[in-house]
Amino acid sequence: MAAPERFALWEETTARSHMRNRLRSNDSDDFRARMRTLDLGEVQVSALAYSHLEIARTTKLIRQSDPEVYQVNCFLGGEGVVSLDGDDTAMSDGELMVMDSGRAYHGDVRAVSDRWSHVTVQFPRGLLPLSEKTVQGLLAVPISGHRGMGGVFTRWLTDLNAHADEFTPADVPTLASVTLDLLASVMARCLETEESLAPEARRTALRAQINAFVEQHLADPAMTPQTIADAHHISLRHLQQMLAEDDTSPAAWIRHRRLERCRLDLANPRLSARPIQAIAARWGFTDPAHFSRLFRATYEITPRDYRNLPPTACANRQQPCAD
């Protein structure tokens with residue numbers, strides 16, 4: 001678009017895709033922005049990029065039209081200030097913030113050029129398994145996306161954005177459900193009201209926490225099923241029952257994730273000079289002979305022969321986890 005027309009087009013586009021707000025930018029004469037939206041039915045995940053944007057959700061706009069949705073913004077690059085009920089809250093990289101389309105607010109965001117400014121999740125209020133009164137206590141409150149469930153949710157949104165082109169219509173219900181369950185867990189954890197979550201939402205959130213823990217500790221050969229259970233204050237039996245739903249066991253799952261990391265490293269040409277034993281040790285396998293036996297039993301090929309396969313053959317060697 002010609003420079004004088006870009007900002008007006010952005011205003012109209014975001015009004016249709018999200019909700020109508022009053023917008024202003026220091027760069028409106030030569031406004032450059034982009035947006036990518038992943039449609040998950042009633043849940044919408046959008047990545048947005050721009051240099052500067054001032055956003056005002058006014059009482060007048062709310063009276064004219066209120067879609068009755070929550071918006072969750074995950075800031076990826078830059079900084080900003082959000083004002084709600086006269087209180088200013090600073091925002092920075094990696095923080096999450098919940099907003100309500102029925103509440104007037106003002107935001108001013110200065111983003112980093114050439115990267116996504118933030119990811120926004122928008123959905124009807126009724127889809128969140130928490131009461132509106134409960135959610136009101138977290139509006140415009142910065143939530144860390146660097147650790148805990150906030151970190152799990154931020155990584156989930158980042159992965160959704162990065163792999164948006166890979167999903168099929170059949171994936172939509174699951175993606176929407178997991179997104180809402182994780183968000184509900186983040187908010188409940190902040191308010192210390194996890195008992196208000198539905199059992200399925202709690203189970204999804206716990207499984208996501210366990211997944212993140214395992215991925216972070218794969219390199220530690222001391223990580224065991226009991227270690228995982230202890231870290232999440234559950235019994236080993238409970239952990240076993242959770243993984244049995246996926247037809248695997250804790251030990252098999254840990255082994256599979258470690259083997260997958262090794263497989264990816266072996267297929268990486270940038271790591272071709274790294275000894276196979278070093279790759280195995282990097283992901284928690286301290287016995288080279290044991291690693292070679294496991295790798296061959298899983299992928300039906302030795303680690304050395306796998307490393308020498310062409311890339312297309314490596315991709316076809318992926319196998320499901322075995323008990």
# chains A, B, ... in the order shown; residues from 1 in each chain; ligands from 1
>>> residues_around(residues="region 107-118 of chain A", least_positions_apart="3", cutoff="9 Å", atoms="only C-alpha atoms", output="mmCIF file with N, CA and C atoms, in the first residue's frame")
data_model
loop_
_atom_site.group_PDB
_atom_site.id
_atom_site.type_symbol
_atom_site.label_atom_id
_atom_site.label_comp_id
_atom_site.auth_asym_id
_atom_site.auth_seq_id
_atom_site.Cartn_x
_atom_site.Cartn_y
_atom_site.Cartn_z
ATOM 1 N N ARG A 34 2.644 -5.734 10.253
ATOM 2 C CA ARG A 34 2.176 -7.011 9.702
ATOM 3 C C ARG A 34 1.430 -7.769 10.787
ATOM 4 N N MET A 35 0.568 -8.666 10.351
ATOM 5 C CA MET A 35 -0.217 -9.462 11.286
ATOM 6 C C MET A 35 -0.478 -10.820 10.664
ATOM 7 N N SER A 46 -3.108 -14.316 17.231
ATOM 8 C CA SER A 46 -2.553 -13.407 16.229
ATOM 9 C C SER A 46 -1.180 -12.917 16.653
ATOM 10 N N ALA A 47 -0.251 -12.913 15.702
ATOM 11 C CA ALA A 47 1.059 -12.299 15.912
ATOM 12 C C ALA A 47 1.054 -10.959 15.194
ATOM 13 N N LEU A 48 1.507 -9.910 15.883
ATOM 14 C CA LEU A 48 1.500 -8.569 15.314
ATOM 15 C C LEU A 48 2.890 -7.951 15.416
ATOM 16 N N ALA A 49 3.208 -7.126 14.438
ATOM 17 C CA ALA A 49 4.492 -6.435 14.428
ATOM 18 C C ALA A 49 4.298 -5.007 13.938
ATOM 19 N N TYR A 50 4.881 -4.051 14.655
ATOM 20 C CA TYR A 50 4.853 -2.639 14.277
ATOM 21 C C TYR A 50 5.920 -1.939 15.117
ATOM 22 N N SER A 51 6.207 -0.688 14.798
ATOM 23 C CA SER A 51 7.239 0.033 15.542
ATOM 24 C C SER A 51 6.668 0.793 16.739
ATOM 25 N N HIS A 52 5.546 1.478 16.532
ATOM 26 C CA HIS A 52 4.914 2.209 17.635
ATOM 27 C C HIS A 52 3.410 2.246 17.418
ATOM 28 N N LEU A 53 2.669 2.027 18.491
ATOM 29 C CA LEU A 53 1.213 2.077 18.392
ATOM 30 C C LEU A 53 0.631 2.483 19.736
ATOM 31 N N GLU A 54 -0.284 3.430 19.680
ATOM 32 C CA GLU A 54 -1.045 3.859 20.846
ATOM 33 C C GLU A 54 -2.474 3.371 20.657
ATOM 34 N N ILE A 55 -2.995 2.668 21.652
ATOM 35 C CA ILE A 55 -4.295 2.005 21.542
ATOM 36 C C ILE A 55 -5.198 2.483 22.668
ATOM 37 N N ALA A 56 -6.392 2.925 22.313
ATOM 38 C CA ALA A 56 -7.348 3.381 23.328
ATOM 39 C C ALA A 56 -8.679 2.669 23.110
ATOM 40 N N ARG A 57 -9.110 1.928 24.113
ATOM 41 C CA ARG A 57 -10.435 1.308 24.123
ATOM 42 C C ARG A 57 -11.298 2.213 24.991
ATOM 43 N N ASN A 73 -2.351 -10.636 25.872
ATOM 44 C CA ASN A 73 -1.222 -10.184 25.068
ATOM 45 C C ASN A 73 0.080 -10.691 25.669
ATOM 46 N N CYS A 74 0.875 -11.344 24.840
ATOM 47 C CA CYS A 74 2.195 -11.815 25.236
ATOM 48 C C CYS A 74 3.219 -10.943 24.515
ATOM 49 N N PHE A 75 3.909 -10.085 25.251
ATOM 50 C CA PHE A 75 4.852 -9.147 24.654
ATOM 51 C C PHE A 75 6.169 -9.852 24.324
ATOM 52 N N LEU A 76 6.593 -9.723 23.073
ATOM 53 C CA LEU A 76 7.784 -10.424 22.610
ATOM 54 C C LEU A 76 8.962 -9.497 22.363
ATOM 55 N N GLY A 77 8.700 -8.257 22.044
ATOM 56 C CA GLY A 77 9.798 -7.354 21.735
ATOM 57 C C GLY A 77 9.411 -5.911 21.941
ATOM 58 N N GLY A 78 10.103 -5.226 22.827
ATOM 59 C CA GLY A 78 9.804 -3.829 23.058
ATOM 60 C C GLY A 78 9.319 -3.579 24.474
ATOM 61 N N GLU A 79 8.675 -2.451 24.666
ATOM 62 C CA GLU A 79 8.157 -2.094 25.983
ATOM 63 C C GLU A 79 6.920 -1.230 25.810
ATOM 64 N N GLY A 80 6.161 -1.112 26.871
ATOM 65 C CA GLY A 80 4.946 -0.318 26.775
ATOM 66 C C GLY A 80 4.369 0.004 28.136
ATOM 67 N N VAL A 81 3.305 0.792 28.110
ATOM 68 C CA VAL A 81 2.580 1.154 29.319
ATOM 69 C C VAL A 81 1.094 0.952 29.046
ATOM 70 N N VAL A 82 0.408 0.286 29.970
ATOM 71 C CA VAL A 82 -1.033 0.068 29.858
ATOM 72 C C VAL A 82 -1.705 0.739 31.042
ATOM 73 N N SER A 83 -2.759 1.500 30.767
ATOM 74 C CA SER A 83 -3.484 2.217 31.815
ATOM 75 C C SER A 83 -4.904 1.673 31.921
ATOM 76 N N LEU A 84 -5.297 1.316 33.127
ATOM 77 C CA LEU A 84 -6.644 0.829 33.405
ATOM 78 C C LEU A 84 -7.113 1.466 34.709
ATOM 79 N N MET A 91 5.060 -2.579 30.811
ATOM 80 C CA MET A 91 5.175 -3.914 30.228
ATOM 81 C C MET A 91 6.524 -4.049 29.552
ATOM 82 N N ASP A 93 9.472 -7.244 27.651
ATOM 83 C CA ASP A 93 9.569 -8.520 26.947
ATOM 84 C C ASP A 93 9.232 -9.703 27.855
#
>>> select_by_dssp(residues="region 180-298 of chain A", states="alpha helix (DSSP H)", output="number ranges by chain")
A: 180-191, 199-216, 225-231, 236-244, 250-266, 276-282, 288-298
>>> closest_residue(among="A:Ser185, A:Thr158, A:Thr89, A:Thr13", to="Pro129 (chain A)", atoms="only C-alpha atoms")
A:Ser185
>>> residues_around(residues="region 264-280 of chain A", least_positions_apart="2", cutoff="12 Å", atoms="only C-alpha atoms", output="number ranges by chain")
A: 218-221, 255, 257-262, 282-295, 302-318
>>> closest_residue(among="A:Ser28, A:Thr179, A:Ser17, A:Thr204", to="Pro67 (chain A)", atoms="only C-alpha atoms")
A:Ser17
>>> atom_distance(atom1="CA of Val178 (chain A)", atom2="CA of Arg207 (chain A)")
10.7 Å
>>> closest_residue(among="A:Asp30, A:Ala3, A:Asp66, A:Ala170", to="His18 (chain A)", atoms="only C-alpha atoms")
A:Asp66
>>> residues_around(residues="region 231-241 of chain A", least_positions_apart="5", cutoff="12 Å", atoms="only C-alpha atoms", output="PDB file with C-alpha atoms, in the first residue's frame")
ATOM      1  CA  GLY A 148       6.388 -21.451  35.802  1.00  0.00           C
ATOM      2  CA  ARG A 203      -4.764 -32.315  34.169  1.00  0.00           C
ATOM      3  CA  ALA A 205      -1.915 -27.855  32.859  1.00  0.00           C
ATOM      4  CA  LEU A 206      -0.083 -30.419  34.999  1.00  0.00           C
ATOM      5  CA  ARG A 207       0.910 -32.422  31.938  1.00  0.00           C
ATOM      6  CA  ALA A 208       2.251 -29.253  30.285  1.00  0.00           C
ATOM      7  CA  GLN A 209       4.297 -28.488  33.411  1.00  0.00           C
ATOM      8  CA  ILE A 210       5.695 -32.012  33.408  1.00  0.00           C
ATOM      9  CA  ASN A 211       6.528 -31.787  29.707  1.00  0.00           C
ATOM     10  CA  ALA A 212       8.432 -28.557  30.261  1.00  0.00           C
ATOM     11  CA  PHE A 213      10.278 -29.993  33.263  1.00  0.00           C
ATOM     12  CA  VAL A 214      11.399 -33.072  31.351  1.00  0.00           C
ATOM     13  CA  HIS A 217      16.291 -31.666  32.468  1.00  0.00           C
ATOM     14  CA  MET A 223      16.444 -37.387  36.205  1.00  0.00           C
ATOM     15  CA  THR A 224      14.159 -40.340  36.898  1.00  0.00           C
ATOM     16  CA  PRO A 225      10.387 -40.892  36.995  1.00  0.00           C
ATOM     17  CA  GLN A 226      10.510 -40.411  40.772  1.00  0.00           C
ATOM     18  CA  ASP A 246      -0.683 -42.033  25.959  1.00  0.00           C
ATOM     19  CA  ASP A 247       0.239 -45.716  25.961  1.00  0.00           C
ATOM     20  CA  THR A 248       3.677 -45.189  27.447  1.00  0.00           C
ATOM     21  CA  SER A 249       5.469 -45.179  30.795  1.00  0.00           C
ATOM     22  CA  PRO A 250       7.584 -42.498  32.511  1.00  0.00           C
ATOM     23  CA  ALA A 251      10.861 -44.336  31.851  1.00  0.00           C
ATOM     24  CA  ALA A 252       9.971 -44.998  28.215  1.00  0.00           C
ATOM     25  CA  TRP A 253       8.917 -41.403  27.697  1.00  0.00           C
ATOM     26  CA  ASP A 323       7.215 -49.102  26.228  1.00  0.00           C
TER      27      ASP A 323
END
>>> closest_residue(among="A:His106, A:Lys133, A:Arg16, A:His163", to="Asp85 (chain A)", atoms="only C-alpha atoms")
A:His106
>>> closest_residue(among="A:Leu130, A:Leu160, A:Val135, A:Met19", to="Ile62 (chain A)", atoms="only C-alpha atoms")
A:Met19
>>> closest_residue(among="A:Ala140, A:Ala15, A:Asp39, A:Ser131", to="Gly86 (chain A)", atoms="only C-alpha atoms")
A:Ala140
>>> select_by_dssp(residues="region 87-240 of chain A", states="strand (DSSP E or B)", output="VMD selection string")
chain A and resid 87 to 92 95 to 100 105 to 111 118 to 124 139 143 to 144
>>> atom_distance(atom1="CA of Pro199 (chain A)", atom2="CA of Ala164 (chain A)")
28.4 Å
>>> residues_around(residues="Leu138 (chain A)", least_positions_apart="6", cutoff="10 Å", atoms="only C-alpha atoms", output="MDAnalysis selection string")
chainID A and resid 97:99 187:188 190:191
>>> decode(residues="region 251-299 of chain A", atoms="N, CA and C atoms", output="tab-separated table (two decimals), in the first residue's frame")
chain	number	residue	atom	x	y	z
A	251	ALA	N	9.50	-44.00	32.29
A	251	ALA	CA	10.86	-44.34	31.85
A	251	ALA	C	10.96	-44.37	30.33
A	252	ALA	N	9.96	-44.93	29.68
A	252	ALA	CA	9.97	-45.00	28.22
A	252	ALA	C	9.87	-43.61	27.60
A	253	TRP	N	9.08	-42.76	28.23
A	253	TRP	CA	8.92	-41.40	27.70
A	253	TRP	C	10.21	-40.62	27.80
A	254	ILE	N	10.89	-40.69	28.98
A	254	ILE	CA	12.18	-40.00	29.14
A	254	ILE	C	13.18	-40.53	28.12
A	255	ARG	N	13.23	-41.84	27.98
A	255	ARG	CA	14.16	-42.46	27.02
A	255	ARG	C	13.88	-42.00	25.60
A	256	HIS	N	12.60	-41.94	25.26
A	256	HIS	CA	12.21	-41.52	23.91
A	256	HIS	C	12.61	-40.08	23.64
A	257	ARG	N	12.35	-39.18	24.61
A	257	ARG	CA	12.70	-37.77	24.41
A	257	ARG	C	14.21	-37.60	24.28
A	258	ARG	N	15.00	-38.34	25.06
A	258	ARG	CA	16.45	-38.26	24.95
A	258	ARG	C	16.94	-38.79	23.61
A	259	LEU	N	16.36	-39.90	23.18
A	259	LEU	CA	16.75	-40.46	21.88
A	259	LEU	C	16.39	-39.51	20.74
A	260	GLU	N	15.25	-38.85	20.84
A	260	GLU	CA	14.85	-37.91	19.80
A	260	GLU	C	15.82	-36.74	19.72
A	261	ARG	N	16.27	-36.23	20.87
A	261	ARG	CA	17.24	-35.14	20.86
A	261	ARG	C	18.55	-35.61	20.22
A	262	CYS	N	18.97	-36.83	20.56
A	262	CYS	CA	20.18	-37.38	19.95
A	262	CYS	C	20.01	-37.54	18.45
A	263	ARG	N	18.84	-38.04	18.04
A	263	ARG	CA	18.58	-38.24	16.61
A	263	ARG	C	18.67	-36.93	15.85
A	264	LEU	N	18.08	-35.86	16.42
A	264	LEU	CA	18.12	-34.56	15.76
A	264	LEU	C	19.55	-34.03	15.68
A	265	ASP	N	20.35	-34.24	16.73
A	265	ASP	CA	21.73	-33.78	16.69
A	265	ASP	C	22.54	-34.57	15.66
A	266	LEU	N	22.29	-35.85	15.56
A	266	LEU	CA	23.02	-36.67	14.59
A	266	LEU	C	22.69	-36.27	13.15
A	267	ALA	N	21.47	-35.78	12.93
A	267	ALA	CA	21.06	-35.37	11.59
A	267	ALA	C	21.47	-33.94	11.27
A	268	ASN	N	22.00	-33.24	12.26
A	268	ASN	CA	22.37	-31.83	12.08
A	268	ASN	C	23.77	-31.73	11.49
A	269	PRO	N	23.92	-31.25	10.26
A	269	PRO	CA	25.25	-31.18	9.63
A	269	PRO	C	26.21	-30.28	10.39
A	270	ARG	N	25.70	-29.32	11.15
A	270	ARG	CA	26.58	-28.43	11.90
A	270	ARG	C	27.25	-29.14	13.07
A	271	LEU	N	26.71	-30.33	13.42
A	271	LEU	CA	27.29	-31.10	14.52
A	271	LEU	C	28.02	-32.35	14.03
A	272	SER	N	28.35	-32.37	12.75
A	272	SER	CA	28.94	-33.58	12.16
A	272	SER	C	30.31	-33.91	12.75
A	273	ALA	N	31.02	-32.90	13.27
A	273	ALA	CA	32.34	-33.16	13.84
A	273	ALA	C	32.28	-33.57	15.31
A	274	ARG	N	31.11	-33.47	15.92
A	274	ARG	CA	31.00	-33.81	17.34
A	274	ARG	C	30.92	-35.32	17.50
A	275	PRO	N	31.70	-35.91	18.37
A	275	PRO	CA	31.66	-37.37	18.55
A	275	PRO	C	30.28	-37.85	18.98
A	276	ILE	N	29.92	-39.03	18.51
A	276	ILE	CA	28.61	-39.59	18.86
A	276	ILE	C	28.49	-39.76	20.37
A	277	GLN	N	29.58	-40.17	21.01
A	277	GLN	CA	29.55	-40.34	22.46
A	277	GLN	C	29.24	-39.02	23.17
A	278	ALA	N	29.76	-37.91	22.62
A	278	ALA	CA	29.51	-36.60	23.23
A	278	ALA	C	28.05	-36.20	23.06
A	279	ILE	N	27.46	-36.52	21.92
A	279	ILE	CA	26.05	-36.22	21.69
A	279	ILE	C	25.19	-37.01	22.66
A	280	ALA	N	25.52	-38.30	22.83
A	280	ALA	CA	24.76	-39.14	23.76
A	280	ALA	C	24.86	-38.60	25.18
A	281	ALA	N	26.07	-38.21	25.60
A	281	ALA	CA	26.26	-37.69	26.95
A	281	ALA	C	25.54	-36.37	27.15
A	282	ARG	N	25.46	-35.58	26.08
A	282	ARG	CA	24.78	-34.30	26.17
A	282	ARG	C	23.33	-34.46	26.58
A	283	TRP	N	22.72	-35.59	26.19
A	283	TRP	CA	21.30	-35.81	26.48
A	283	TRP	C	21.07	-36.92	27.50
A	284	GLY	N	22.05	-37.10	28.40
A	284	GLY	CA	21.81	-37.95	29.57
A	284	GLY	C	22.19	-39.41	29.44
A	285	PHE	N	22.79	-39.82	28.31
A	285	PHE	CA	23.22	-41.22	28.15
A	285	PHE	C	24.69	-41.32	28.53
A	286	THR	N	24.97	-41.91	29.68
A	286	THR	CA	26.35	-41.97	30.17
A	286	THR	C	27.09	-43.21	29.69
A	287	ASP	N	26.38	-44.21	29.21
A	287	ASP	CA	26.99	-45.46	28.74
A	287	ASP	C	26.87	-45.52	27.21
A	288	PRO	N	27.97	-45.33	26.47
A	288	PRO	CA	27.91	-45.31	25.00
A	288	PRO	C	27.33	-46.59	24.40
A	289	ALA	N	27.72	-47.75	24.96
A	289	ALA	CA	27.23	-49.02	24.42
A	289	ALA	C	25.73	-49.16	24.63
A	290	HIS	N	25.26	-48.76	25.81
A	290	HIS	CA	23.82	-48.82	26.09
A	290	HIS	C	23.05	-47.88	25.16
A	291	PHE	N	23.62	-46.69	24.93
A	291	PHE	CA	22.98	-45.75	24.02
A	291	PHE	C	22.87	-46.34	22.61
A	292	SER	N	23.94	-46.95	22.12
A	292	SER	CA	23.91	-47.52	20.77
A	292	SER	C	22.86	-48.61	20.64
A	293	ARG	N	22.73	-49.44	21.67
A	293	ARG	CA	21.72	-50.50	21.64
A	293	ARG	C	20.31	-49.92	21.62
A	294	LEU	N	20.06	-48.91	22.46
A	294	LEU	CA	18.73	-48.29	22.50
A	294	LEU	C	18.41	-47.62	21.17
A	295	PHE	N	19.38	-46.91	20.62
A	295	PHE	CA	19.15	-46.20	19.37
A	295	PHE	C	18.80	-47.19	18.26
A	296	ARG	N	19.57	-48.27	18.18
A	296	ARG	CA	19.32	-49.26	17.11
A	296	ARG	C	17.98	-49.95	17.31
A	297	ALA	N	17.62	-50.24	18.56
A	297	ALA	CA	16.33	-50.89	18.82
A	297	ALA	C	15.16	-49.99	18.47
A	298	THR	N	15.34	-48.67	18.62
A	298	THR	CA	14.25	-47.73	18.35
A	298	THR	C	14.14	-47.38	16.87
A	299	TYR	N	15.28	-47.11	16.23
A	299	TYR	CA	15.27	-46.62	14.85
A	299	TYR	C	15.73	-47.64	13.82
